[in-house]
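Enquirer: Below you'll find entry-v3.cif; it's mmCIF, C-alpha atoms.
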data_final
loop_
_atom_site.label_atom_id
_atom_site.label_comp_id
_atom_site.auth_asym_id
_atom_site.auth_seq_id
_atom_site.Cartn_x
_atom_site.Cartn_y
_atom_site.Cartn_z
CA MET A 1 -13.44 -24.99 -12.34
CA THR A 2 -16.43 -22.69 -12.31
CA ASP A 3 -16.02 -19.01 -13.19
CA LYS A 4 -16.18 -18.16 -9.51
CA GLU A 5 -13.48 -20.67 -8.61
CA ILE A 6 -11.25 -19.32 -11.35
CA LEU A 7 -11.69 -15.79 -10.00
CA GLN A 8 -10.92 -16.92 -6.44
CA SER A 9 -7.87 -18.76 -7.63
CA TYR A 10 -6.63 -15.69 -9.53
CA LEU A 11 -7.28 -13.32 -6.63
CA LEU A 12 -5.49 -15.61 -4.19
CA ARG A 13 -2.34 -15.29 -6.31
CA LEU A 14 -2.53 -11.51 -6.00
CA ALA A 15 -3.30 -11.66 -2.28
CA ASP A 16 -0.67 -14.27 -1.39
CA SER A 17 2.05 -12.59 -3.47
CA ASP A 18 1.42 -9.24 -1.74
CA MET A 19 1.27 -10.92 1.67
CA ILE A 20 4.46 -12.94 1.33
CA LEU A 21 6.53 -10.11 -0.14
CA GLY A 22 5.18 -7.80 2.58
CA GLN A 23 6.24 -10.32 5.22
CA ARG A 24 9.68 -10.74 3.63
CA LEU A 25 10.24 -6.98 3.65
CA CYS A 26 9.21 -6.81 7.31
CA GLU A 27 12.18 -9.06 8.15
CA LEU A 28 14.33 -6.01 7.37
CA CYS A 29 12.69 -3.98 10.14
CA GLY A 30 15.52 -2.88 12.38
CA LYS A 31 18.15 -4.19 9.96
CA ALA A 32 17.94 -1.92 6.91
CA PRO A 33 21.17 -0.23 5.74
CA ALA A 34 19.90 3.29 6.47
CA LEU A 35 17.05 4.86 8.40
CA GLU A 36 15.40 6.27 5.27
CA GLU A 37 15.57 2.86 3.62
CA GLU A 38 14.04 1.23 6.65
CA MET A 39 11.07 3.60 6.53
CA ALA A 40 10.68 3.09 2.79
CA LEU A 41 10.82 -0.71 3.06
CA MET A 42 8.28 -0.77 5.85
CA ASN A 43 5.98 1.60 3.96
CA VAL A 44 6.11 -0.64 0.90
CA ALA A 45 5.45 -3.67 3.11
CA LEU A 46 2.50 -1.89 4.72
CA ASP A 47 1.01 -1.06 1.32
CA LEU A 48 1.39 -4.69 0.22
CA VAL A 49 -0.17 -6.13 3.36
CA GLY A 50 -3.04 -3.64 3.07
CA GLN A 51 -3.60 -4.62 -0.55
CA ALA A 52 -3.43 -8.31 0.42
CA ARG A 53 -6.17 -7.73 2.95
CA ASN A 54 -8.40 -6.07 0.36
CA TRP A 55 -7.97 -9.05 -1.97
CA TYR A 56 -8.39 -11.62 0.86
CA GLU A 57 -11.63 -9.99 1.97
CA TYR A 58 -13.03 -10.35 -1.53
CA VAL A 59 -11.85 -13.98 -1.80
CA ALA A 60 -13.44 -14.75 1.57
CA GLU A 61 -16.76 -13.30 0.40
CA LEU A 62 -16.63 -15.20 -2.87
CA GLU A 63 -15.91 -18.56 -1.26
CA GLY A 64 -18.62 -17.99 1.37
CA LYS A 65 -17.20 -20.50 3.85
CA GLY A 66 -17.28 -18.09 6.76
CA ARG A 67 -13.52 -17.54 6.62
CA ASP A 68 -12.18 -14.00 6.89
CA ALA A 69 -9.02 -12.29 5.64
CA ASP A 70 -7.04 -13.23 8.77
CA GLN A 71 -7.94 -16.89 8.46
CA LEU A 72 -6.90 -16.95 4.83
CA ALA A 73 -3.54 -15.39 5.68
CA PHE A 74 -2.76 -17.22 8.89
CA LEU A 75 -4.44 -20.62 8.70
CA ARG A 76 -3.44 -21.97 5.29
CA ASP A 77 -0.37 -24.10 4.77
CA ALA A 78 2.35 -23.69 2.15
CA HIS A 79 0.72 -25.93 -0.48
CA ASP A 80 -2.42 -23.77 -0.31
CA TYR A 81 -0.45 -20.60 -0.90
CA ARG A 82 -0.48 -19.35 -4.50
CA ASN A 83 2.14 -16.59 -4.31
CA LEU A 84 4.68 -16.07 -7.06
CA LEU A 85 7.96 -17.81 -6.21
CA ILE A 86 9.99 -14.61 -6.45
CA THR A 87 8.16 -13.12 -3.45
CA GLU A 88 9.37 -15.86 -1.10
CA GLN A 89 13.05 -15.61 -2.06
CA PRO A 90 15.35 -14.46 0.77
CA ASN A 91 16.34 -10.81 1.14
CA GLY A 92 20.03 -11.40 0.37
CA ASP A 93 22.13 -8.25 0.13
CA TYR A 94 20.48 -4.96 -0.75
CA ALA A 95 20.99 -5.50 -4.47
CA VAL A 96 19.07 -8.80 -4.24
CA THR A 97 16.31 -7.13 -2.20
CA MET A 98 16.03 -4.39 -4.84
CA ALA A 99 16.23 -6.79 -7.81
CA ARG A 100 13.36 -8.81 -6.33
CA GLN A 101 11.37 -5.65 -5.65
CA PHE A 102 12.01 -4.25 -9.12
CA PHE A 103 10.98 -7.42 -10.98
CA TYR A 104 7.87 -7.70 -8.83
CA ASP A 105 6.99 -3.98 -9.04
CA VAL A 106 7.10 -3.99 -12.85
CA TRP A 107 4.79 -7.04 -12.93
CA HIS A 108 2.58 -5.55 -10.20
CA TYR A 109 2.32 -2.18 -11.94
CA PHE A 110 1.27 -3.56 -15.33
CA THR A 111 -1.04 -6.17 -13.77
CA LEU A 112 -2.84 -3.50 -11.76
CA LYS A 113 -2.99 -1.23 -14.80
CA GLY A 114 -4.94 -4.00 -16.53
CA LEU A 115 -7.08 -4.74 -13.48
CA VAL A 116 -8.15 -1.10 -13.19
CA ASN A 117 -10.28 -1.70 -16.31
CA SER A 118 -11.64 -5.00 -14.97
CA SER A 119 -15.20 -6.01 -15.79
CA ASP A 120 -15.46 -6.88 -12.08
CA GLU A 121 -16.14 -3.59 -10.28
CA ARG A 122 -14.76 -4.72 -6.94
CA VAL A 123 -11.51 -5.83 -8.57
CA ALA A 124 -11.26 -2.53 -10.45
CA GLY A 125 -11.78 -0.54 -7.23
CA ILE A 126 -9.11 -2.39 -5.22
CA ALA A 127 -6.70 -2.17 -8.17
CA ALA A 128 -7.23 1.57 -8.68
CA LYS A 129 -6.24 2.21 -5.07
CA ALA A 130 -3.27 -0.16 -5.20
CA LEU A 131 -1.98 1.24 -8.51
CA LYS A 132 -1.34 4.66 -6.99
CA GLU A 133 0.79 3.04 -4.28
CA VAL A 134 2.62 0.65 -6.58
CA THR A 135 3.57 3.51 -8.91
CA TYR A 136 5.69 4.82 -6.04
CA HIS A 137 7.12 1.37 -5.34
CA LEU A 138 8.23 1.01 -8.95
CA ARG A 139 9.69 4.50 -9.10
CA ARG A 140 11.78 3.75 -6.07
CA SER A 141 12.98 0.25 -6.96
CA SER A 142 13.91 1.22 -10.52
CA GLU A 143 15.90 4.18 -9.15
CA TRP A 144 17.82 1.80 -6.89
CA VAL A 145 18.54 -0.62 -9.73
CA LYS A 146 19.96 2.29 -11.75
CA ARG A 147 21.90 3.74 -8.85
CA LEU A 148 23.54 0.43 -7.92
CA GLY A 149 23.98 -0.79 -11.51
CA ASP A 150 25.50 2.46 -12.72
CA GLY A 151 27.41 3.04 -9.48
CA THR A 152 30.76 1.72 -8.31
CA GLU A 153 32.45 -1.40 -9.63
CA GLU A 154 31.29 -3.35 -6.58
CA SER A 155 27.69 -2.09 -6.61
CA HIS A 156 27.49 -2.87 -10.34
CA ARG A 157 28.78 -6.41 -9.80
CA ARG A 158 26.38 -7.05 -6.92
CA MET A 159 23.39 -5.63 -8.79
CA GLN A 160 24.18 -7.81 -11.80
CA ASP A 161 24.50 -10.83 -9.47
CA GLY A 162 21.10 -9.99 -7.99
CA ILE A 163 19.50 -9.77 -11.44
CA ASP A 164 21.11 -13.07 -12.49
CA LEU A 165 20.14 -14.82 -9.25
CA LEU A 166 16.46 -13.94 -9.45
CA TRP A 167 15.93 -14.00 -13.22
CA ARG A 168 14.94 -17.69 -13.07
CA PHE A 169 11.85 -16.76 -11.02
CA THR A 170 10.56 -14.10 -13.42
CA GLY A 171 9.13 -16.49 -16.03
CA GLU A 172 6.20 -17.12 -13.75
CA LEU A 173 5.34 -13.42 -13.70
CA ILE A 174 4.68 -13.26 -17.42
CA GLN A 175 3.97 -16.83 -18.48
CA ALA A 176 0.19 -17.13 -18.54
CA ASP A 177 -1.46 -20.38 -17.44
CA ASP A 178 -5.10 -21.46 -17.87
CA VAL A 179 -6.32 -19.30 -15.02
CA ASP A 180 -4.56 -16.18 -16.32
CA GLN A 181 -5.95 -16.77 -19.79
CA GLN A 182 -9.51 -17.36 -18.65
CA ILE A 183 -9.40 -14.29 -16.42
CA ALA A 184 -8.15 -12.22 -19.37
CA ALA A 185 -10.81 -13.70 -21.68
CA ALA A 186 -13.51 -12.78 -19.16
CA GLY A 187 -12.29 -9.17 -19.21
CA ILE A 188 -11.37 -9.37 -15.52
CA GLY A 189 -7.59 -9.40 -15.81
CA PRO A 190 -4.95 -7.92 -18.10
CA ASP A 191 -4.27 -9.17 -21.62
CA THR A 192 -1.58 -11.81 -21.11
CA ALA A 193 0.50 -11.06 -24.22
CA GLN A 194 0.41 -7.35 -23.44
CA LEU A 195 1.58 -8.01 -19.89
CA THR A 196 4.53 -10.05 -21.15
CA ASN A 197 5.55 -7.33 -23.62
CA ASP A 198 5.14 -4.52 -21.11
CA TRP A 199 7.16 -6.36 -18.44
CA ARG A 200 10.01 -7.25 -20.78
CA GLY A 201 10.04 -3.77 -22.33
CA LEU A 202 10.29 -1.82 -19.09
CA VAL A 203 12.71 -4.25 -17.43
CA LYS A 204 15.08 -4.02 -20.38
CA GLU A 205 14.78 -0.24 -20.53
CA VAL A 206 15.71 0.19 -16.87
CA LEU A 207 18.49 -2.44 -16.99
CA GLN A 208 19.99 -0.75 -20.01
CA GLU A 209 20.03 2.61 -18.25
CA ALA A 210 21.57 0.83 -15.25
CA THR A 211 24.32 -0.60 -17.52
CA LEU A 212 23.13 -4.10 -16.56
CA THR A 213 22.61 -7.12 -18.80
CA PRO A 214 19.31 -9.01 -18.88
CA GLN A 215 19.25 -12.76 -19.41
CA PRO A 216 17.72 -14.13 -22.62
CA ASP A 217 13.93 -14.37 -22.91
CA ASP A 218 14.19 -18.15 -23.30
CA ALA A 219 16.31 -18.69 -20.16
CA TRP A 220 15.25 -21.67 -18.04
CA MET A 221 12.58 -20.73 -15.51
CA TYR A 222 11.21 -22.08 -12.24
CA LEU A 223 7.42 -22.33 -12.28
CA GLY A 224 4.95 -23.66 -9.73
CA GLY A 225 4.03 -20.89 -7.29
CA LYS A 226 0.65 -20.39 -8.95
CA ARG A 227 -0.06 -24.12 -8.45
CA GLY A 228 1.11 -24.23 -4.84
CA GLU A 229 4.50 -25.80 -5.56
CA HIS A 230 6.98 -23.68 -3.70
CA THR A 231 10.69 -23.34 -2.99
CA GLU A 232 11.93 -24.42 0.42
CA HIS A 233 11.72 -20.87 1.75
CA LEU A 234 7.95 -20.48 2.02
CA GLY A 235 7.49 -22.90 4.93
CA PHE A 236 9.93 -20.92 7.06
CA ILE A 237 8.16 -17.65 6.29
CA LEU A 238 4.79 -19.12 7.23
CA ALA A 239 6.20 -20.70 10.39
CA GLU A 240 7.21 -17.27 11.62
CA MET A 241 4.21 -15.40 10.26
CA GLN A 242 1.59 -17.87 11.49
CA PHE A 243 3.12 -18.87 14.81
CA LEU A 244 1.10 -16.53 16.98
CA GLN A 245 -2.22 -17.34 15.35
CA ARG A 246 -1.56 -21.08 15.58
CA ALA A 247 -0.22 -21.06 19.15
CA TYR A 248 -2.86 -18.67 20.47
CA PRO A 249 -5.89 -19.03 18.16
CA ASP A 250 -7.53 -15.65 17.53
CA ALA A 251 -5.14 -14.13 20.10
CA LYS A 252 -8.06 -12.76 22.05
CA VAL A 253 -6.32 -12.28 25.38
CA TRP A 254 -3.38 -9.91 25.68
CA MET B 1 3.67 25.93 16.32
CA GLN B 2 2.88 22.41 17.36
CA LYS B 3 5.65 19.88 16.95
CA TYR B 4 5.56 16.16 16.64
CA GLY B 5 5.42 14.38 19.96
CA GLU B 6 3.72 17.20 21.84
CA PRO B 7 0.15 16.27 22.58
CA ASP B 8 -2.36 18.56 20.94
CA PRO B 9 -5.01 19.24 23.58
CA ARG B 10 -7.67 18.79 20.91
CA SER B 11 -6.13 15.79 19.21
CA ALA B 12 -8.42 13.04 18.03
CA VAL B 13 -7.29 10.63 20.72
CA ASP B 14 -7.91 13.18 23.46
CA SER B 15 -11.32 14.02 22.11
CA LEU B 16 -12.10 10.32 22.16
CA ILE B 17 -11.33 10.18 25.86
CA ALA B 18 -13.08 13.50 26.49
CA SER B 19 -16.17 12.38 24.63
CA ASP B 20 -16.79 9.72 27.26
CA ARG B 21 -17.43 12.51 29.73
CA VAL B 22 -19.63 14.63 27.50
CA PRO B 23 -23.31 14.05 28.25
CA ALA B 24 -25.20 12.87 25.20
CA ASN B 25 -27.16 15.49 23.32
CA ALA B 26 -30.73 15.13 24.50
CA HIS B 27 -32.10 16.23 21.15
CA PRO B 28 -29.94 14.85 18.35
CA GLU B 29 -32.96 15.11 16.03
CA LEU B 30 -32.44 18.88 15.98
CA LEU B 31 -29.07 18.45 14.29
CA THR B 32 -28.89 19.31 10.60
CA GLU B 33 -26.66 17.60 8.06
CA ASP B 34 -24.40 20.68 8.17
CA ASP B 35 -24.11 20.20 11.94
CA ILE B 36 -22.94 16.63 11.33
CA TRP B 37 -20.30 17.84 8.87
CA ASN B 38 -19.15 20.46 11.40
CA LEU B 39 -18.96 17.76 14.03
CA LEU B 40 -16.83 15.55 11.79
CA ASN B 41 -14.64 18.55 11.02
CA GLU B 42 -13.59 18.41 14.67
CA VAL B 43 -12.31 14.83 14.29
CA LYS B 44 -8.57 15.05 13.65
CA ASP B 45 -6.48 12.60 11.70
CA PRO B 46 -4.58 10.68 14.41
CA GLU B 47 -1.36 10.62 12.35
CA VAL B 48 -1.58 14.20 11.10
CA PRO B 49 -3.51 15.97 13.87
CA ALA B 50 -3.14 19.32 12.09
CA VAL B 51 -6.05 18.48 9.82
CA SER B 52 -9.51 17.03 10.29
CA VAL B 53 -10.85 13.98 8.50
CA VAL B 54 -13.11 16.31 6.50
CA GLU B 55 -10.23 18.58 5.45
CA LEU B 56 -8.27 15.50 4.46
CA GLY B 57 -11.10 14.55 2.13
CA ILE B 58 -11.59 11.04 3.49
CA VAL B 59 -15.21 11.61 4.57
CA ARG B 60 -16.97 11.04 1.27
CA ALA B 61 -20.66 11.23 2.21
CA VAL B 62 -23.00 11.80 5.12
CA ARG B 63 -26.60 10.56 5.14
CA TRP B 64 -28.73 11.87 8.02
CA ASP B 65 -32.47 11.57 8.38
CA GLY B 66 -32.76 13.09 11.85
CA LYS B 67 -32.53 9.68 13.50
CA THR B 68 -29.89 7.50 11.90
CA VAL B 69 -26.64 8.51 10.35
CA SER B 70 -24.43 6.74 7.88
CA VAL B 71 -20.98 8.06 6.95
CA ASP B 72 -18.83 6.91 4.02
CA VAL B 73 -15.10 6.97 4.74
CA THR B 74 -12.32 6.09 2.32
CA PRO B 75 -8.80 5.05 3.42
CA THR B 76 -5.88 7.15 2.19
CA TYR B 77 -3.70 4.06 1.55
CA SER B 78 -4.62 0.36 1.34
CA GLY B 79 -2.50 -0.40 4.38
CA CYS B 80 -3.12 2.78 6.36
CA PRO B 81 -2.97 1.59 9.99
CA ALA B 82 -5.12 4.52 11.12
CA THR B 83 -8.17 3.46 9.11
CA GLU B 84 -9.92 1.54 11.91
CA LEU B 85 -9.04 4.18 14.51
CA ILE B 86 -10.42 6.95 12.30
CA GLU B 87 -13.67 5.05 11.80
CA GLU B 88 -13.93 4.54 15.55
CA LEU B 89 -13.19 8.23 16.27
CA ILE B 90 -15.91 9.31 13.84
CA ALA B 91 -18.42 6.93 15.40
CA GLU B 92 -17.42 8.15 18.85
CA ALA B 93 -17.89 11.82 17.90
CA LEU B 94 -21.35 11.03 16.57
CA ARG B 95 -22.29 9.01 19.65
CA ALA B 96 -21.09 11.89 21.82
CA ALA B 97 -23.56 14.12 19.96
CA GLY B 98 -26.32 11.74 21.04
CA ILE B 99 -26.69 9.82 17.79
CA ARG B 100 -27.20 6.11 18.39
CA ASP B 101 -25.50 3.39 16.37
CA PRO B 102 -23.82 5.53 13.73
CA GLN B 103 -23.01 3.45 10.69
CA ILE B 104 -19.54 3.92 9.21
CA ASN B 105 -18.97 2.44 5.75
CA GLN B 106 -15.55 1.91 4.27
CA VAL B 107 -15.59 2.69 0.54
CA LEU B 108 -12.65 2.06 -1.79
CA THR B 109 -14.12 3.53 -4.98
CA PRO B 110 -13.35 6.09 -6.18
CA ALA B 111 -9.86 5.85 -4.72
CA TRP B 112 -8.79 8.69 -2.44
CA THR B 113 -6.62 11.32 -4.02
CA THR B 114 -4.69 14.21 -2.50
CA ASP B 115 -6.76 16.45 -4.81
CA TRP B 116 -9.53 16.04 -2.21
CA ILE B 117 -7.58 17.77 0.56
CA THR B 118 -9.34 21.10 1.00
CA PRO B 119 -7.44 24.40 0.47
CA GLU B 120 -7.78 25.03 4.23
CA GLY B 121 -6.39 21.57 4.90
CA LYS B 122 -3.39 22.21 2.66
CA GLU B 123 -2.65 25.50 4.40
CA LYS B 124 -2.90 23.83 7.82
CA LEU B 125 -0.49 21.13 6.70
CA ARG B 126 2.02 23.78 5.62
CA VAL B 127 1.72 25.70 8.90
CA PHE B 128 2.17 22.38 10.74
CA GLY B 129 5.48 21.88 8.90
CA ILE B 130 4.36 19.38 6.25
CA ALA B 131 4.66 20.50 2.63
CA PRO B 132 1.20 19.98 1.09
CA PRO B 133 0.82 17.94 -2.11
CA GLN B 134 1.69 20.04 -5.14
CA GLY B 135 -0.14 19.92 -8.44
CA SER B 136 -2.71 17.37 -9.45
CA SER B 137 -2.52 13.63 -8.88
CA SER B 138 -3.08 13.07 -12.61
CA LYS B 139 0.39 14.48 -13.29
CA LEU B 140 2.17 11.81 -11.24
CA SER B 141 4.75 10.40 -13.58
CA LEU B 142 6.11 6.88 -13.39
CA LEU B 143 9.79 7.38 -14.03
CA GLY B 144 10.04 11.12 -14.54
CA GLN B 145 11.66 13.82 -12.45
CA SER B 146 10.06 14.64 -9.16
CA GLU B 147 8.43 18.04 -8.88
CA VAL B 148 9.88 21.04 -7.05
CA ILE B 149 8.67 21.11 -3.45
CA ALA B 150 8.72 24.37 -1.48
CA CYS B 151 10.07 24.25 2.08
CA PRO B 152 7.13 24.69 4.51
CA HIS B 153 9.41 26.51 6.95
CA CYS B 154 11.15 29.19 4.86
CA GLY B 155 9.36 28.90 1.51
CA SER B 156 12.53 28.15 -0.45
CA ASP B 157 12.31 26.04 -3.62
CA HIS B 158 15.89 24.97 -3.02
CA THR B 159 15.01 21.53 -1.59
CA GLU B 160 16.00 17.93 -2.19
CA GLN B 161 14.35 14.57 -1.68
CA VAL B 162 15.92 12.42 1.02
CA SER B 163 13.57 9.46 0.64
CA GLU B 164 10.52 8.66 -1.46
CA PHE B 165 8.88 7.43 1.77
CA GLY B 166 8.57 9.30 5.06
CA SER B 167 7.31 8.63 8.56
CA THR B 168 3.96 7.42 7.22
CA ALA B 169 2.87 5.96 3.87
CA CYS B 170 1.36 9.28 2.80
CA LYS B 171 4.58 11.28 3.16
CA ALA B 172 8.03 11.58 1.61
CA LEU B 173 11.13 12.96 3.31
CA TYR B 174 12.76 16.19 2.08
CA ARG B 175 15.46 18.58 3.19
CA CYS B 176 15.72 22.33 2.63
CA LYS B 177 19.12 23.41 1.35
CA ASP B 178 18.58 27.01 2.48
CA CYS B 179 17.26 26.78 6.05
CA LEU B 180 18.71 23.24 6.37
CA GLU B 181 15.53 21.91 8.02
CA PRO B 182 14.29 18.44 7.13
CA PHE B 183 10.58 18.23 6.43
CA ASP B 184 7.82 15.85 5.39
CA TYR B 185 6.11 16.22 2.03
CA PHE B 186 2.53 14.98 1.70
CA LYS B 187 2.81 12.90 -1.47
CA CYS B 188 0.56 13.54 -4.41
CA ILE B 189 -1.46 10.45 -5.24
#
Any chance you could put this one into structure tokens?

Expert:
Amino acid sequence: MTDKEILQSYLLRLADSDMILGQRLCELCGKAPALEEEMALMNVALDLVGQARNWYEYVAELEGKGRDADQLAFLRDAHDYRNLLITEQPNGDYAVTMARQFFYDVWHYFTLKGLVNSSDERVAGIAAKALKEVTYHLRRSSEWVKRLGDGTEESHRRMQDGIDLLWRFTGELIQADDVDQQIAAAGIGPDTAQLTNDWRGLVKEVLQEATLTPQPDDAWMYLGGKRGEHTEHLGFILAEMQFLQRAYPDAKVW
Amino acid sequence: MQKYGEPDPRSAVDSLIASDRVPANAHPELLTEDDIWNLLNEVKDPEVPAVSVVELGIVRAVRWDGKTVSVDVTPTYSGCPATELIEELIAEALRAAGIRDPQINQVLTPAWTTDWITPEGKEKLRVFGIAPPQGSSSKLSLLGQSEVIACPHCGSDHTEQVSEFGSTACKALYRCKDCLEPFDYFKCI
């Protein structure tokens, strides 16, 4: 791959992960456990979709095929999507939703913190904006993990179940592949070892405060999202998300 | 005091409709750059119509040579749904002043911060019932305690956070324990 292709590939992971998690959260619109939670979930989703658009627009410019952000989001199939597997996992109960958000937010926060100092100015600019938003996301999801973990017997049990259920998808967040390493070497993305340490450190700190138990660092992990190998859930998300665009291309008449 | 849901006669959306009826300025070349800024100061934020886009600090630059104008606008949040509408409202206000083909540029860098809301803007937010951002964005802590927010209605510091996120991405939801009113807090970012 050329340097440009590596950058596109890396940026698509950021864009697709934001997009798919944003879409997942939107499924809770009208179904959240409380009004305040509904507003918070939709605000987080909105931030993620907005960030996805910023990344997609840059990818579209880099590839120079005349595609735009909408086409990248709505006209690619599951095997072309490069989102992290954790983002496509179902909402489950609220503990699962918050476990997924927390794991992702910690990764997102430290990734963006690295990207803010990117040698690529455009990347640094998009990341600086996103980092302010994601700081709020992380504050909120870590508060929920603590509240549920250190709450009642039932909330503790459910939160621990959520952590255990999704742990197998977290390896992908911090296990660097060739693309991650080349992006780090080029000074575009975060140092991969640092990202791993930061993620593990903060996750353990919050889980400890929440009286929850992390799984071992060498637990078995699902990988593949970054290569386009997904769990069975992604196709269903795309079917719903892309239906309108596919049935009524460009949706010009309303 | 204006409340949510009641149309402000000078809201941005109304001025957009009204501007269609305003005859174009026959001599836009007489406008100064200050006039352009004053014009933009009449364009209200569609989601928070208490403040103008200038007071909100999202108009970053104006370039005017007496013939063509170019305005730099920065979104408050990556996913702010009002971004396109705001750009259109600014262009419309400029067209209404007789300026042809105003160019509106969206800039992401440097990222918008609540530090750019003008003192007048902050006061207008408070009068409107939204607690303005307190302190500097640089003090935003990741996992620390949230700051004390004064109630915009009675001024009491005896308030509590209901939700980290409010009716729009830029706000959080609070409640005053003294006057018992709920209120929005414009988050510090």

Enquirer: Pull out every residue of chain B sitting within 7 Å of chain A, counting only C-alpha atoms, and send them as number ranges by chain.

Expert: B: 77-79, 108-111, 142-143, 163-169, 189

Enquirer: What's around A:Glu61 at 12 Å? Count all atoms listed in the file, leave out sequence neighbours fewer than 4 positions away in its own chain, and write the answer as a list of chain:residue names.

Expert: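 The filter keeps A:Lys4, A:Leu7, A:Gln8, A:Leu11, A:Asn54, A:Trp55, A:Tyr56, A:Glu57, A:Lys65, A:Gly66, A:Arg67, A:Asp68, A:Ala69, A:Leu72, A:Arg122.
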
Enquirer: If you count all atoms listed in the file, which residues fall within 8 Å of B:Asn105, apart from same-chain ones fewer than 6 positions away, as a ChimeraX atom specification?

Expert: /B:70-73

Enquirer: Those same residues - C-alpha atoms - I'd like them written as a PDB file, keeping the file's coordinate frame.

Expert:
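After the write, result-v5.pdb holds the following:
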ATOM      1  CA  SER B  70     -24.430   6.740   7.880  1.00  0.00           C
ATOM      2  CA  VAL B  71     -20.980   8.060   6.950  1.00  0.00           C
ATOM      3  CA  ASP B  72     -18.830   6.910   4.020  1.00  0.00           C
ATOM      4  CA  VAL B  73     -15.100   6.970   4.740  1.00  0.00           C
TER       5      VAL B  73
END

Enquirer: In Å, with one decimal, what is the gap from atom CA of A:Trp220 to atom CA of A:Leu166?

Expert: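 According to the coordinates, atom CA of A:Trp220 and atom CA of A:Leu166 are separated by 11.6 Å.
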
Enquirer: Exactly which residues make up the result of the PyMOL selection byres ((chain A and resi 19) around 8) on this file, given as a list of chain:residue names?

Expert: A:Ala15, A:Asp16, A:Ser17, A:Asp18, A:Ile20, A:Leu21, A:Gly22, A:Gln23, A:Leu48, A:Val49, A:Ala52, A:Ala73

Enquirer: Have a look at atom CA of B:Ile130 and atom CA of B:Tyr185 and let me know their distance in Å, one decimal.

Expert: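 If I compute the distance from atom CA of B:Ile130 to atom CA of B:Tyr185, I get 5.6 Å.
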
Enquirer: Determine the nearest neighbour of B:Asn41 from the options B:Leu89, B:Pro133, B:Arg63, B:Gly155, counting all atoms listed in the file.

Expert: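 Of the candidates, the smallest distance to B:Asn41 is held by B:Leu89.
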
Enquirer: On this structure, the PyMOL selection byres ((chain A and resi 173) around 12) would catch which residues? List them as a PyMOL selection string, sorted by chain and number.

Expert: chain A and resi 13-14+17+83-87+100+103-111+166-172+174-177+180+192-193+195-200+221-226

Enquirer: Please indicate the distance in Å from atom CA of B:Thr68 to atom CA of B:Glu29, rounded to one decimal place.

Expert: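 These atoms are spaced 9.2 Å apart.
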
Enquirer: Run through the PyMOL selection byres ((chain B and resi 148) around 9) on the given coordinates and return the selected residues as a list of chain:residue names.

Expert: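 Here the PyMOL selection byres ((chain B and resi 148) around 9) matches B:Gln134, B:Ser146, B:Glu147, B:Ile149, B:Ala150, B:Asp157, B:His158, B:Thr159, B:Glu160.
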
Enquirer: Could I get the residues of stretch 69-115 of chain B with an atom no further than 12 Å from an atom of stretch 171-182 of chain B, each paired with its nearest atom pair and that distance in Å to one decimal, using all atoms listed in the file, sorted by chain and residue number, as JSON lines?

Expert:
{"residue": "B:Thr76", "atom": "CA", "partner": "B:Lys171", "partner_atom": "CA", "distance": 11.3}
{"residue": "B:Tyr77", "atom": "CA", "partner": "B:Lys171", "partner_atom": "CA", "distance": 11.1}
{"residue": "B:Cys80", "atom": "CA", "partner": "B:Lys171", "partner_atom": "CA", "distance": 11.9}
{"residue": "B:Thr114", "atom": "CA", "partner": "B:Lys171", "partner_atom": "CA", "distance": 11.2}

Enquirer: Considering only C-alpha atoms, can you say which of B:Val59, B:Leu39, B:Leu85, B:Ala50 comes closest to B:Ala97?

Expert: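 Smallest distance to B:Ala97 is found for B:Leu39.
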